[in-house]
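Q: The structure follows.
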Amino acid sequence: MKNQNAIYIMTNYLNTTFYIGVTNNLLRRVYEHKTKQNEGFSNKYNLNKLVYFEITELIEDAINREKQLKNWKRSWKIDLIKKQNPDFKDLSEDIGLSKEVIEGMDNT
């Protein structure tokens, strides 16, 4: 997942609030969300569960997709997530963030 452009959606444990972002290093960015390294919206609402991501070749494509998704209705975003991740499972392990690191972060 390093050095790949990605659009991603983070949520909280209740799946009630969403954050849509873009990055060139999904693993690092998810780790930052989970460890609350950046102040702001995702930190304020405890959005530390990765529920959706797309990988793109070009950063411009990722930025355009992020803008598109941010303008979508909430129900469309939920439908998009459910197509890839029907149970709203935390996909952090799927991108290489180890379970031990995730569990360690959850206890802090």
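In the structure tokens, each chain is lettered A, B, ... as it comes, each chain's residues begin at 1, and ligands are numbered from 1 in order of appearance.
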Check the DSSP output for the backbone and give back, as a ChimeraX atom specification, the residues of chain A in strand (DSSP E).

A: /A:5-11,18-23,49-56

Q: Give me the residues within 8 Å of Phe88 of chain A as a PyMOL selection string, counting only C-alpha atoms and dropping any in the same chain fewer than 4 places off.

A: chain A and resi 15+51+81-82

Q: Mind checking which residues fall within 12 Å of segment 89-94 of chain A, counting only C-alpha atoms, ignoring those fewer than 5 positions away in the same chain, and posting them as number ranges by chain?

A: A: 1, 8-15, 26-34, 47-54, 81-82, 84, 99-103

Q: Please write the residues from the selection above to a file, keeping N, CA and C atoms, as a compact mmCIF listing (two decimals), in the first residue's frame.

A:
# COMPACT_ATOMS: atom_id res chain seq x y z
N MET A 1 0.81 -1.20 0.00
CA MET A 1 0.00 0.00 0.00
C MET A 1 0.85 1.26 0.00
N TYR A 8 -10.04 7.04 0.35
CA TYR A 8 -10.45 6.16 1.44
C TYR A 8 -11.57 6.79 2.24
N ILE A 9 -12.30 5.93 2.95
CA ILE A 9 -13.36 6.39 3.84
C ILE A 9 -13.11 5.79 5.22
N MET A 10 -13.07 6.68 6.20
CA MET A 10 -12.94 6.29 7.60
C MET A 10 -14.27 6.57 8.28
N THR A 11 -14.57 5.79 9.33
CA THR A 11 -15.77 6.01 10.12
C THR A 11 -15.47 5.72 11.58
N ASN A 12 -16.48 5.87 12.42
CA ASN A 12 -16.33 5.56 13.84
C ASN A 12 -16.90 4.16 14.12
N TYR A 13 -16.85 3.74 15.36
CA TYR A 13 -17.29 2.37 15.67
C TYR A 13 -18.78 2.16 15.45
N LEU A 14 -19.57 3.23 15.43
CA LEU A 14 -21.01 3.12 15.18
C LEU A 14 -21.35 3.30 13.69
N ASN A 15 -20.36 3.61 12.88
CA ASN A 15 -20.55 3.83 11.43
C ASN A 15 -21.53 4.98 11.16
N LEU A 26 -1.56 4.92 1.88
CA LEU A 26 -2.74 4.57 2.67
C LEU A 26 -2.39 4.00 4.04
N LEU A 27 -1.39 3.15 4.10
CA LEU A 27 -0.99 2.55 5.37
C LEU A 27 -0.60 3.63 6.39
N ARG A 28 0.25 4.54 5.96
CA ARG A 28 0.68 5.63 6.85
C ARG A 28 -0.50 6.50 7.27
N ARG A 29 -1.37 6.81 6.33
CA ARG A 29 -2.50 7.70 6.62
C ARG A 29 -3.50 7.06 7.59
N VAL A 30 -3.78 5.78 7.42
CA VAL A 30 -4.68 5.10 8.34
C VAL A 30 -4.05 5.03 9.73
N TYR A 31 -2.77 4.77 9.78
CA TYR A 31 -2.06 4.76 11.06
C TYR A 31 -2.19 6.13 11.74
N GLU A 32 -2.06 7.21 10.97
CA GLU A 32 -2.21 8.55 11.53
C GLU A 32 -3.61 8.77 12.09
N HIS A 33 -4.62 8.28 11.38
CA HIS A 33 -5.98 8.39 11.89
C HIS A 33 -6.14 7.61 13.19
N LYS A 34 -5.63 6.40 13.21
CA LYS A 34 -5.80 5.54 14.38
C LYS A 34 -5.05 6.07 15.60
N LEU A 47 -12.84 9.04 14.10
CA LEU A 47 -12.99 8.29 12.85
C LEU A 47 -11.69 7.53 12.60
N ASN A 48 -11.63 6.30 13.09
CA ASN A 48 -10.39 5.53 13.00
C ASN A 48 -10.59 4.13 12.43
N LYS A 49 -11.71 3.91 11.76
CA LYS A 49 -11.99 2.60 11.16
C LYS A 49 -12.05 2.76 9.64
N LEU A 50 -11.13 2.11 8.96
CA LEU A 50 -11.10 2.14 7.49
C LEU A 50 -12.15 1.18 6.96
N VAL A 51 -13.14 1.72 6.23
CA VAL A 51 -14.21 0.86 5.72
C VAL A 51 -14.25 0.79 4.20
N TYR A 52 -13.47 1.64 3.53
CA TYR A 52 -13.50 1.64 2.06
C TYR A 52 -12.23 2.29 1.53
N PHE A 53 -11.72 1.77 0.42
CA PHE A 53 -10.63 2.44 -0.27
C PHE A 53 -10.60 2.03 -1.73
N GLU A 54 -10.05 2.90 -2.55
CA GLU A 54 -9.80 2.65 -3.96
C GLU A 54 -8.35 3.07 -4.23
N ILE A 81 -19.86 1.68 0.10
CA ILE A 81 -19.13 0.92 1.12
C ILE A 81 -19.64 -0.50 1.19
N LYS A 82 -20.96 -0.66 1.21
CA LYS A 82 -21.56 -2.00 1.35
C LYS A 82 -21.23 -2.92 0.18
N GLN A 84 -18.34 -3.19 -1.33
CA GLN A 84 -17.00 -3.73 -1.08
C GLN A 84 -16.89 -4.35 0.31
N LYS A 99 -2.54 -6.62 13.20
CA LYS A 99 -3.55 -6.72 14.26
C LYS A 99 -2.98 -6.27 15.61
N GLU A 100 -1.73 -6.62 15.87
CA GLU A 100 -1.11 -6.25 17.13
C GLU A 100 -1.00 -4.73 17.27
N VAL A 101 -0.63 -4.06 16.18
CA VAL A 101 -0.53 -2.61 16.20
C VAL A 101 -1.91 -2.00 16.38
N ILE A 102 -2.89 -2.54 15.67
CA ILE A 102 -4.26 -2.03 15.77
C ILE A 102 -4.78 -2.20 17.19
N GLU A 103 -4.61 -3.38 17.78
CA GLU A 103 -5.09 -3.64 19.13
C GLU A 103 -4.36 -2.76 20.13

Q: Quote the spacing between atom CA of Glu60 of chain A and atom CA of Gly21 of chain A in Å to one decimal place.

A: 13.2 Å

Q: Between A:Ile63, A:Ser98, A:Thr56, A:Phe18, which has the minimum distance to Asn43 of chain A (counting only C-alpha atoms)?

A: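 So, comparing all the options, the nearest one is A:Phe18.
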
Q: Mind giving me the straight-line distance from atom CA of Leu58 of chain A to atom CA of Gln37 of chain A in Å, one decimal?

A: 26.1 Å

Q: Give the helix (DSSP H, G or I) residues of chain A, as DSSP finds them on the backbone, and put them as a VMD selection string.

A: chain A and resid 26 to 34 41 to 44 59 to 70 74 to 84 93 to 95 99 to 106

Q: Report, in Å with one decimal, the straight-line distance from atom CA of Glu57 of chain A to atom CA of Trp76 of chain A.

A: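 Those two atoms sit 24.0 Å apart.
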